[in-house]
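Source file: start-v2.cif (mmCIF, C-alpha atoms)
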data_query
loop_
_atom_site.label_atom_id
_atom_site.label_comp_id
_atom_site.auth_asym_id
_atom_site.auth_seq_id
_atom_site.Cartn_x
_atom_site.Cartn_y
_atom_site.Cartn_z
CA MET I 1341 -45.90 -6.61 3.08
CA ASN I 1342 -46.09 -8.07 -0.44
CA ILE I 1343 -47.18 -4.65 -1.78
CA ILE I 1344 -44.16 -3.04 -0.09
CA LYS I 1345 -41.85 -5.69 -1.56
CA ARG I 1346 -43.21 -5.19 -5.06
CA PHE I 1347 -42.94 -1.41 -4.73
CA PHE I 1348 -39.38 -1.27 -3.38
CA GLY I 1349 -38.05 -4.36 -5.15
CA LYS I 1350 -35.38 -6.64 -3.67
CA THR I 1351 -34.96 -6.44 0.10
CA GLU I 1352 -31.61 -6.14 1.80
CA GLN I 1353 -29.78 -9.47 2.13
CA ARG I 1354 -26.75 -10.63 4.04
CA ALA I 1355 -23.81 -11.64 1.90
CA ALA I 1356 -22.01 -14.91 2.34
CA CYS I 1357 -18.91 -14.13 4.34
CA PRO I 1358 -16.27 -16.87 4.27
CA SER I 1359 -13.90 -14.85 6.42
CA TRP I 1360 -16.55 -14.43 9.09
CA ASP I 1361 -17.07 -18.20 9.05
CA ALA I 1362 -13.34 -18.65 9.53
CA LEU I 1363 -13.42 -16.40 12.59
CA SER I 1364 -16.08 -18.52 14.25
CA GLY I 1365 -13.98 -21.61 13.61
CA HIS I 1366 -13.65 -23.98 10.67
CA GLY I 1367 -13.93 -27.66 11.55
CA THR I 1368 -11.53 -30.22 10.12
CA ALA I 1369 -11.18 -34.00 10.04
CA THR I 1370 -8.97 -33.83 13.15
CA GLY I 1371 -11.77 -32.18 15.09
CA HIS I 1372 -9.90 -28.90 15.56
CA MET I 1373 -11.61 -25.56 15.02
CA VAL I 1374 -9.24 -23.36 13.03
CA ASN I 1375 -9.44 -19.63 13.68
CA PRO I 1376 -6.87 -16.79 13.77
CA ARG I 1377 -6.34 -16.96 17.52
CA ALA I 1378 -5.67 -20.70 17.50
CA ALA I 1379 -3.52 -20.50 14.37
CA GLU I 1380 -1.23 -17.84 15.84
CA ASN I 1381 -0.37 -20.26 18.64
CA LEU I 1382 1.70 -21.98 15.96
CA SER I 1383 5.04 -20.19 15.88
CA THR I 1384 5.33 -20.51 12.10
CA VAL I 1385 1.97 -18.81 11.47
CA LEU I 1386 2.89 -16.03 13.89
CA ALA I 1387 6.33 -15.62 12.29
CA CYS I 1388 4.89 -15.50 8.75
CA VAL I 1389 2.30 -12.86 9.66
CA GLN I 1390 4.93 -10.83 11.52
CA ALA I 1391 7.45 -11.10 8.67
CA ILE I 1392 5.01 -9.82 6.04
CA SER I 1393 3.19 -7.18 8.09
CA THR I 1394 6.28 -5.65 9.71
CA ALA I 1395 8.24 -5.69 6.44
CA ILE I 1396 5.54 -3.71 4.63
CA ALA I 1397 5.06 -1.41 7.63
CA SER I 1398 8.79 -0.57 7.55
CA LEU I 1399 8.71 0.57 3.92
CA PRO I 1400 8.65 4.32 3.18
CA ALA I 1401 5.36 5.45 1.60
CA TYR I 1402 5.11 8.47 -0.69
CA LEU I 1403 2.23 10.30 -2.36
CA TYR I 1404 3.06 11.59 -5.85
CA ARG I 1405 1.31 14.13 -8.07
CA MET I 1406 1.60 13.92 -11.85
CA GLU I 1407 2.47 17.21 -13.56
CA GLY I 1408 2.34 16.26 -17.21
CA LYS I 1409 4.88 13.46 -17.55
CA VAL I 1410 6.75 14.50 -14.41
CA ARG I 1411 5.99 12.90 -11.05
CA VAL I 1412 6.42 15.18 -8.01
CA GLU I 1413 6.03 14.24 -4.36
CA ASP I 1414 2.96 16.00 -2.93
CA THR I 1415 3.71 16.73 0.74
CA THR I 1416 0.68 19.01 1.24
CA HIS I 1417 -2.03 16.47 0.43
CA PRO I 1418 -4.08 15.27 3.46
CA LEU I 1419 -3.05 11.66 2.83
CA ALA I 1420 0.64 12.66 2.81
CA GLU I 1421 0.12 14.40 6.14
CA LEU I 1422 -1.43 11.25 7.61
CA ILE I 1423 1.54 9.22 6.39
CA ARG I 1424 3.87 11.68 8.06
CA ARG I 1425 2.11 12.31 11.39
CA GLY I 1426 0.07 9.11 11.74
CA PRO I 1427 -3.33 8.10 10.34
CA ASN I 1428 -5.14 8.59 13.65
CA GLU I 1429 -4.47 9.84 17.17
CA LYS I 1430 -3.63 6.36 18.48
CA GLN I 1431 -1.32 4.92 15.80
CA THR I 1432 1.75 5.75 13.80
CA TRP I 1433 1.82 4.88 10.11
CA PRO I 1434 3.87 1.67 10.64
CA ASP I 1435 1.47 0.55 13.41
CA PHE I 1436 -1.49 1.20 11.11
CA ILE I 1437 -0.05 -0.75 8.16
CA GLU I 1438 1.00 -3.62 10.42
CA PHE I 1439 -2.53 -3.81 11.86
CA ILE I 1440 -4.38 -3.98 8.54
CA MET I 1441 -1.86 -6.36 6.98
CA ALA I 1442 -2.15 -8.80 9.90
CA SER I 1443 -5.94 -8.65 9.61
CA ALA I 1444 -5.84 -9.36 5.87
CA LEU I 1445 -3.42 -12.26 6.31
CA LEU I 1446 -5.29 -13.94 9.17
CA ARG I 1447 -8.89 -13.06 8.34
CA GLY I 1448 -8.83 -12.43 4.61
CA ASN I 1449 -10.15 -8.89 5.09
CA ALA I 1450 -9.08 -5.61 6.66
CA LEU I 1451 -11.43 -2.66 7.11
CA VAL I 1452 -10.48 0.99 7.62
CA GLU I 1453 -12.96 3.76 8.36
CA ILE I 1454 -12.28 6.93 6.36
CA VAL I 1455 -13.04 9.97 8.56
CA THR I 1456 -13.62 13.29 6.78
CA ASP I 1457 -14.71 16.77 7.82
CA ARG I 1458 -17.91 18.46 6.65
CA ALA I 1459 -16.19 19.61 3.47
CA GLY I 1460 -15.17 16.04 2.62
CA HIS I 1461 -11.47 16.54 3.38
CA LEU I 1462 -9.60 13.53 4.74
CA GLN I 1463 -9.05 13.72 8.50
CA GLU I 1464 -8.26 10.23 9.83
CA LEU I 1465 -7.97 6.58 8.91
CA LYS I 1466 -9.23 4.25 11.66
CA PRO I 1467 -8.80 0.48 11.33
CA VAL I 1468 -11.83 -1.56 12.39
CA PRO I 1469 -11.23 -5.08 13.80
CA TRP I 1470 -12.87 -7.54 11.42
CA GLU I 1471 -14.49 -9.35 14.35
CA TRP I 1472 -16.70 -6.29 14.82
CA VAL I 1473 -17.95 -6.34 11.23
CA SER I 1474 -20.96 -7.98 9.61
CA VAL I 1475 -21.25 -7.41 5.84
CA GLN I 1476 -24.56 -6.80 4.08
CA VAL I 1477 -25.41 -6.57 0.38
CA LEU I 1478 -27.75 -3.67 -0.30
CA PRO I 1479 -30.47 -3.77 -3.01
CA SER I 1480 -28.15 -1.67 -5.20
CA GLY I 1481 -25.52 -4.43 -5.02
CA ARG I 1482 -23.15 -2.28 -2.98
CA LEU I 1483 -21.78 -3.43 0.35
CA ALA I 1484 -22.67 -2.09 3.76
CA TYR I 1485 -20.55 -2.80 6.80
CA ASP I 1486 -22.47 -3.16 10.06
CA VAL I 1487 -20.04 -2.47 12.89
CA THR I 1488 -20.75 -3.41 16.49
CA GLU I 1489 -18.02 -1.69 18.48
CA ILE I 1490 -16.52 -3.42 21.48
CA THR I 1491 -14.67 -1.44 24.13
CA SER I 1492 -11.39 -0.41 22.52
CA ILE I 1493 -8.83 2.35 22.20
CA TYR I 1494 -11.47 4.33 20.32
CA GLY I 1495 -13.91 4.16 23.23
CA GLY I 1496 -16.51 1.86 21.65
CA GLN I 1497 -19.16 0.65 24.08
CA GLY I 1498 -21.05 -1.96 22.08
CA ARG I 1499 -23.00 0.51 19.98
CA PHE I 1500 -24.05 -0.41 16.43
CA ARG I 1501 -23.49 1.70 13.33
CA ARG I 1502 -23.41 1.20 9.57
CA LEU I 1503 -20.62 2.21 7.20
CA LEU I 1504 -21.14 2.34 3.44
CA GLU I 1505 -18.61 1.53 0.72
CA GLY I 1506 -17.63 5.17 0.25
CA GLU I 1507 -16.78 5.48 3.93
CA VAL I 1508 -14.29 2.62 4.19
CA MET I 1509 -11.18 1.14 2.69
CA HIS I 1510 -11.53 -2.64 2.34
CA LEU I 1511 -8.31 -4.62 1.76
CA ARG I 1512 -8.98 -8.20 0.64
CA ASP I 1513 -6.95 -11.33 0.27
CA ARG I 1514 -7.91 -13.48 -2.74
CA THR I 1515 -11.68 -13.52 -3.11
CA ASP I 1516 -14.05 -16.15 -4.50
CA ASP I 1517 -17.08 -13.89 -5.00
CA GLY I 1518 -15.50 -10.51 -5.80
CA LEU I 1519 -16.91 -9.04 -2.60
CA LEU I 1520 -15.06 -10.49 0.38
CA GLY I 1521 -11.63 -11.96 0.83
CA LYS I 1522 -11.24 -15.53 1.97
CA SER I 1523 -8.92 -16.37 4.82
CA ARG I 1524 -5.87 -18.48 4.05
CA LEU I 1525 -6.54 -20.25 7.30
CA GLN I 1526 -9.84 -21.47 5.90
CA ARG I 1527 -8.42 -22.35 2.49
CA ALA I 1528 -5.76 -24.53 4.14
CA ALA I 1529 -7.57 -25.40 7.37
CA ALA I 1530 -6.40 -29.02 7.26
CA VAL I 1531 -2.73 -27.95 7.19
CA VAL I 1532 -3.21 -25.61 10.15
CA ALA I 1533 -5.16 -28.27 12.06
CA ALA I 1534 -2.39 -30.78 11.42
CA GLY I 1535 0.11 -28.33 12.86
CA VAL I 1536 -2.05 -27.86 15.95
CA SER I 1537 -2.39 -31.64 16.34
CA VAL I 1538 1.37 -32.21 16.14
CA GLN I 1539 1.98 -29.43 18.64
CA GLU I 1540 -0.61 -30.79 21.06
CA PHE I 1541 0.88 -34.28 20.73
CA ALA I 1542 4.36 -32.97 21.54
CA GLU I 1543 3.05 -30.99 24.52
CA SER I 1544 1.15 -34.02 25.82
CA MET I 1545 4.21 -36.23 25.42
CA TYR I 1546 6.43 -33.93 27.46
CA ARG I 1547 3.73 -33.14 30.02
CA ASN I 1548 2.60 -36.69 30.72
CA GLY I 1549 5.46 -38.82 29.54
CA ALA I 1550 7.55 -41.01 31.87
CA SER I 1551 11.09 -41.85 30.92
CA PRO I 1552 11.55 -44.72 30.46
CA SER I 1553 7.97 -45.11 29.23
CA GLY I 1554 6.11 -48.35 29.61
CA ALA I 1555 3.92 -50.32 32.00
CA LEU I 1556 4.27 -51.78 35.49
CA GLU I 1557 3.37 -55.46 35.80
CA SER I 1558 2.68 -57.27 39.04
CA ASP I 1559 2.77 -61.01 39.79
CA ALA I 1560 -0.20 -60.61 42.13
CA LYS I 1561 -3.43 -58.67 42.01
CA LEU I 1562 -3.15 -55.33 43.80
CA ALA I 1563 -5.76 -54.19 46.29
CA PRO I 1564 -7.53 -50.91 45.42
CA GLU I 1565 -5.68 -49.07 48.19
CA ALA I 1566 -2.31 -50.40 47.02
CA TYR I 1567 -3.13 -49.53 43.40
CA ASP I 1568 -4.06 -45.95 44.28
CA ARG I 1569 -0.96 -45.52 46.42
CA LEU I 1570 1.29 -46.91 43.66
CA LYS I 1571 -0.31 -44.67 41.05
CA GLN I 1572 0.13 -41.56 43.18
CA GLN I 1573 3.73 -42.34 44.06
CA PHE I 1574 4.59 -43.20 40.47
CA ASN I 1575 3.11 -39.95 39.10
CA GLU I 1576 4.90 -37.85 41.71
CA ALA I 1577 8.26 -39.54 41.21
CA TYR I 1578 8.50 -40.24 37.49
CA THR I 1579 6.12 -38.15 35.37
CA GLY I 1580 6.82 -34.66 34.04
CA PRO I 1581 9.97 -33.16 32.49
CA GLN I 1582 11.56 -32.46 35.88
CA ASN I 1583 11.62 -36.21 36.59
CA ALA I 1584 12.98 -37.36 33.27
CA ARG I 1585 15.58 -40.18 33.38
CA LYS I 1586 15.25 -40.79 37.11
CA VAL I 1587 16.16 -44.24 38.37
CA MET I 1588 13.04 -46.33 38.98
CA LEU I 1589 12.79 -48.45 42.16
CA LEU I 1590 10.39 -51.41 42.06
CA GLU I 1591 9.12 -53.59 44.92
CA SER I 1592 6.52 -56.20 45.76
CA GLY I 1593 7.03 -58.22 42.60
CA LEU I 1594 6.57 -55.30 40.19
CA HIS I 1595 8.20 -55.48 36.75
CA TRP I 1596 8.76 -52.77 34.14
CA LYS I 1597 7.76 -53.44 30.54
CA GLN I 1598 8.88 -51.09 27.75
CA ILE I 1599 5.95 -50.35 25.44
CA SER I 1600 6.44 -46.87 24.01
CA VAL I 1601 8.76 -45.34 21.47
CA SER I 1602 10.93 -42.25 21.60
CA PRO I 1603 10.01 -39.02 19.78
CA GLU I 1604 12.71 -39.80 17.20
CA ASP I 1605 11.24 -43.26 16.58
CA ALA I 1606 7.78 -41.74 16.25
CA GLU I 1607 9.23 -39.26 13.74
CA LEU I 1608 7.72 -36.44 15.76
CA LEU I 1609 10.54 -34.08 14.91
CA SER I 1610 10.22 -34.83 11.20
CA SER I 1611 6.48 -34.23 11.37
CA ARG I 1612 6.94 -30.88 13.05
CA ARG I 1613 9.59 -29.86 10.51
CA PHE I 1614 7.33 -30.78 7.59
CA THR I 1615 4.39 -28.90 9.13
CA THR I 1616 6.40 -25.71 9.59
CA GLU I 1617 7.39 -25.77 5.92
CA GLU I 1618 3.76 -26.34 4.92
CA LEU I 1619 2.60 -23.36 6.99
CA ALA I 1620 5.30 -21.12 5.50
CA ARG I 1621 4.16 -22.22 2.05
CA ILE I 1622 0.60 -21.07 2.78
CA PHE I 1623 1.79 -17.50 3.33
CA GLN I 1624 4.38 -17.73 0.53
CA VAL I 1625 7.23 -16.95 2.90
CA PRO I 1626 10.68 -18.51 2.27
CA PRO I 1627 11.63 -20.78 5.21
CA PRO I 1628 14.76 -18.80 6.21
CA MET I 1629 12.59 -15.69 6.69
CA VAL I 1630 10.76 -17.40 9.58
CA GLY I 1631 13.74 -19.12 11.18
CA ILE I 1632 13.64 -22.45 9.34
CA TRP I 1633 17.35 -22.91 8.62
CA ASP I 1634 17.36 -26.52 7.40
CA HIS I 1635 19.38 -26.79 4.19
CA SER I 1636 20.07 -23.05 4.32
CA THR I 1637 23.35 -21.32 3.53
CA PHE I 1638 24.31 -17.65 3.47
CA THR I 1639 23.90 -17.56 -0.31
CA ASN I 1640 20.46 -19.13 -0.59
CA SER I 1641 19.23 -17.19 2.47
CA GLU I 1642 20.22 -13.94 0.76
CA THR I 1643 18.42 -15.09 -2.37
CA ALA I 1644 15.37 -16.00 -0.26
CA GLY I 1645 15.27 -12.42 1.03
CA LYS I 1646 15.16 -11.05 -2.51
CA TRP I 1647 12.52 -13.62 -3.46
CA PHE I 1648 10.47 -12.55 -0.41
CA ALA I 1649 10.62 -8.91 -1.48
CA THR I 1650 9.68 -9.68 -5.10
CA PHE I 1651 6.99 -12.33 -4.80
CA THR I 1652 5.53 -11.84 -1.31
CA ILE I 1653 5.91 -8.19 -0.34
CA GLY I 1654 5.65 -6.76 -3.87
CA PRO I 1655 2.15 -8.12 -4.66
CA TRP I 1656 0.79 -7.02 -1.29
CA CYS I 1657 2.21 -3.52 -1.78
CA ARG I 1658 0.50 -3.34 -5.16
CA LYS I 1659 -2.82 -4.34 -3.56
CA LEU I 1660 -2.37 -1.66 -0.91
CA GLU I 1661 -1.51 1.02 -3.47
CA ALA I 1662 -4.54 0.15 -5.60
CA GLU I 1663 -6.92 0.10 -2.64
CA PHE I 1664 -5.65 3.43 -1.29
CA ALA I 1665 -6.14 4.97 -4.74
CA ARG I 1666 -9.65 3.50 -5.11
CA SER I 1667 -10.99 4.22 -1.65
CA VAL I 1668 -9.03 6.99 0.06
CA LEU I 1669 -8.23 9.34 -2.81
CA SER I 1670 -11.07 11.44 -4.19
CA ALA I 1671 -12.32 10.98 -7.74
CA ALA I 1672 -10.41 14.10 -8.83
CA ASP I 1673 -7.18 13.01 -7.11
CA ARG I 1674 -7.20 9.54 -8.68
CA ALA I 1675 -6.36 11.03 -12.06
CA THR I 1676 -3.38 13.00 -10.75
CA HIS I 1677 -2.12 11.25 -7.61
CA GLN I 1678 -0.73 7.88 -6.65
CA ILE I 1679 0.64 6.37 -3.45
CA GLU I 1680 3.74 4.20 -3.61
CA PHE I 1681 5.50 1.93 -1.14
CA ASP I 1682 9.23 2.19 -1.80
CA LEU I 1683 10.61 -1.36 -2.00
CA SER I 1684 14.14 -0.05 -2.36
CA GLY I 1685 14.15 0.04 1.44
CA PHE I 1686 14.89 -3.70 1.33
CA LEU I 1687 18.32 -2.88 -0.08
CA ARG I 1688 19.33 -0.81 2.94
CA GLY I 1689 20.82 -3.87 4.60
CA ASP I 1690 22.90 -4.71 1.52
CA HIS I 1691 25.39 -1.84 1.30
CA GLY I 1692 27.35 -3.28 -1.62
CA ALA I 1693 24.31 -3.81 -3.84
CA ARG I 1694 22.84 -0.42 -2.89
CA TRP I 1695 25.94 1.60 -3.71
CA GLN I 1696 26.63 -0.37 -6.85
CA GLY I 1697 23.10 0.44 -8.00
CA TYR I 1698 23.64 4.13 -7.22
CA GLN I 1699 26.86 4.13 -9.25
CA ILE I 1700 25.07 2.64 -12.25
CA ALA I 1701 22.21 5.15 -11.86
CA VAL I 1702 24.58 8.16 -11.80
CA SER I 1703 26.81 6.96 -14.64
CA ASN I 1704 23.77 6.39 -16.87
CA GLY I 1705 22.12 9.71 -16.09
CA ILE I 1706 19.24 8.23 -14.08
CA LEU I 1707 19.91 9.86 -10.69
CA THR I 1708 21.92 12.89 -9.65
CA PRO I 1709 24.24 12.80 -6.63
CA ASN I 1710 21.83 14.97 -4.64
CA GLU I 1711 18.93 12.63 -5.40
CA ILE I 1712 21.01 9.79 -4.00
CA ARG I 1713 21.94 11.86 -0.93
CA GLU I 1714 18.25 12.60 -0.38
CA ALA I 1715 17.41 8.90 -0.57
CA GLU I 1716 20.12 8.22 2.05
CA GLY I 1717 18.82 10.99 4.33
CA TRP I 1718 21.73 13.38 3.73
CA ASN I 1719 21.65 17.08 2.91
CA PRO I 1720 22.35 18.20 -0.68
CA ARG I 1721 25.73 19.55 -1.63
CA PRO I 1722 26.65 22.33 -4.10
CA GLY I 1723 26.79 21.06 -7.67
CA GLY I 1724 25.11 17.82 -6.72
CA ASP I 1725 22.11 18.46 -8.97
CA ASP I 1726 24.21 17.98 -12.11
CA PHE I 1727 25.37 14.70 -13.57
CA PRO I 1728 29.16 14.19 -13.46
CA GLY I 1729 30.79 15.46 -16.63
CA LYS I 1730 27.88 17.71 -17.58
CA GLN I 1731 29.89 20.93 -17.09
CA THR I 1732 32.63 19.72 -19.39
CA GLY I 1733 30.24 18.58 -22.07
CA ALA I 1734 31.13 14.92 -21.57
CA THR I 1735 28.45 12.31 -21.86
CA PRO I 1736 27.20 10.54 -18.73
CA GLY I 1737 29.43 7.69 -17.79
CA ALA I 1738 32.35 8.98 -19.89
#
Encoded form using structure tokens:
Amino acid sequence: MNIIKRFFGKTEQRAACPSWDALSGHGTATGHMVNPRAAENLSTVLACVQAISTAIASLPAYLYRMEGKVRVEDTTHPLAELIRRGPNEKQTWPDFIEFIMASALLRGNALVEIVTDRAGHLQELKPVPWEWVSVQVLPSGRLAYDVTEITSIYGGQGRFRRLLEGEVMHLRDRTDDGLLGKSRLQRAAAVVAAGVSVQEFAESMYRNGASPSGALESDAKLAPEAYDRLKQQFNEAYTGPQNARKVMLLESGLHWKQISVSPEDAELLSSRRFTTEELARIFQVPPPMVGIWDHSTFTNSETAGKWFATFTIGPWCRKLEAEFARSVLSAADRATHQIEFDLSGFLRGDHGARWQGYQIAVSNGILTPNEIREAEGWNPRPGGDDFPGKQTGATPGA
């Protein structure tokens, strides 16, 4: 064995995988194990992941080819065809983007298998659930992805196979080692665990609470049979939300003693509000985008939407564009092609800003009327390829 080791050099080793550790559960001081499934039980985490993944999935994606200094949309490229008809037989393009974005947000990593034909031409893009993946570092330093398929829409039956770096697209959240992304749930596990604790406390209060809450005192010692009967009758008559605020009838020298506090006195509502804001902060989502309307007005909510597009969606789109270029496009295509997610789609809901921007673009010779009509999904019109005033020799905007 030693001779073999010396001859072949370093043996294959498993890489440290923080995101895999997060999937198996990350313990906290509260005793909660934080993982994606548990975290999505918190409405704020679910809303943040949905807001980001569905927003990016709704954006138009285009593949461009550079012809000198001119950029032309390439509709015949295999990647453009997958954008148009769907990356695989089971998913549309929005479904595909939503899937990999949710995986990256919750698990720190998203893996996509790149399927090609014998000639190396792109055929399909198949997302692989990160729970199926175990990452290895090969002696060359490159990554290998060992996939154990579980029964799924692709027909996996528990068989094992290995994918190499050139066969996958690997989208990462921020990484600590340059190899694997690290889950935000693990980076801020204490915040997520606090949210789970507050939610469990509220559920327990409403499930088990009696209103009014307190203790029953007796002047005499109760026999075991009397105690059991009193406990059963009390639970049936006064516990649970359906029995809230019922009038309590006492007999046999029993007295009621108030010993608990209301949710307002316990500041439960304030704790839940603070936790929701903390969770939104983890995903860098403005509170109004996930239904937190405290201190919100129409003006600052509109500004929050623009902030969301610029500082949350924009960086993720750039990561997607760079990873598609690095992994999906061939070495020859990387020099001439680029994929782009069109963020102008966020302006579709703001008609005034959109049309004002078009007016500025036309008057300054940036867009022609037909280019604007194309962006709006309308057919071109005669003379719409010229800037206004061009026929008369006037300058744009004159």
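Among the candidates I:Pro1728, I:Arg1425, I:Gly1506, I:Ile1632, the one nearest to Ala1701 (chain I) when counting all atoms listed in the file is I:Pro1728.
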message = Please list as a list in words every residue within 10 Å of region 1710-1715 of chain I, counting only C-alpha atoms and excluding residues in the same chain fewer than 4 positions away.
response = Ser1684, Gly1685, Trp1695, Tyr1698, Gln1699, Ala1701, Val1702, Ile1706, Asn1719, Pro1720, Arg1721, Pro1722, Gly1723, Gly1724, Asp1725, Asp1726 and Phe1727 of chain I
remark   = Nearest to Thr1432 (chain I), restricted to only C-alpha atoms and choosing among I:Leu1465, I:Ala1450, I:Ala1534, I:Leu1669, comes out as I:Leu1465
ask   = Could you state the separation of CA of Ser1383 (chain I) and CA of Val1536 (chain I) in Å, given to one decimal place?
value = 10.4 Å
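By chain and then residue number, the residues within 7 Å of Arg1524 (chain I) are Leu1446, Gly1448, Lys1522, Gln1526, Arg1527 and Ala1528 of chain I, counting all atoms listed in the file and disregarding those fewer than 2 positions away in sequence.
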task = Taking (1.1, -1.6, -0.2) in the file's own coordinates, collect the residues within 10 Å, counting all atoms listed in the file, and hand them back as a ChimeraX atom specification.
result = /I:1396-1397,1399,1401,1437,1441,1653-1664,1679-1683
key: Evaluate the PyMOL selection byres ((chain I and resi 1486) around 7) and report residues as an NGL selection string   = :I and (1473-1475 or 1484-1485 or 1487-1488 or 1501-1503)
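Taking CA of Ala1675 (chain I) and CA of Arg1411 (chain I) as the two end points, the separation is 12.5 Å.
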query = Which residues, written as a PyMOL selection string, have at least one atom at most 8 Å from His1461 (chain I), with only C-alpha atoms counted and residues fewer than 4 positions away on the same chain left out?
reply = chain I and resi 1418+1456-1457
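With all atoms listed in the file as the atoms that count, the residue of I:Val1374, I:Ala1387, I:Leu1525, I:Ala1577 with the shortest distance to Arg1447 (chain I) is I:Leu1525.
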task = Tell me which of I:Leu1556, I:Ile1454, I:Leu1504, I:Ala1529 sits closest to Asn1428 (chain I), counting only C-alpha atoms.
result = I:Ile1454
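One distance worth recording is that between CA of Tyr1578 (chain I) and CA of Leu1382 (chain I), which is 29.0 Å.
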Is it possible to get the axis-aligned box enclosing region 1560-1567 of chain I (all listed atoms, 6 Å extra per side) as lines of an AutoDock Vina configuration file, with centre and edge lengths in Å rounded to one decimal?
center_x = -3.9
center_y = -54.8
center_z = 45.1
size_x = 19.3
size_y = 23.5
size_z = 18.2
inquiry  = Starting from the PyMOL selection byres ((chain I and resi 1629) around 10), expand the selection into actual residues of this file and give them as a PyMOL selection string.
reply    = chain I and resi 1387-1388+1391-1392+1620+1625-1628+1630-1633+1641-1642+1644-1645+1648
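Taken over the whole file, the PyMOL selection byres ((chain I and resi 1415) around 10) covers exactly Tyr1402, Leu1403, Tyr1404, Arg1405, Val1412, Glu1413, Asp1414, Thr1416, His1417, Pro1418, Leu1419, Ala1420, Glu1421, Ile1423 and Arg1424 of chain I.
Minimum distance to Ser1537 (chain I) across I:Ser1558, I:Asn1449, I:Asn1381, I:Thr1579 (counting only C-alpha atoms) occurs at I:Asn1381.
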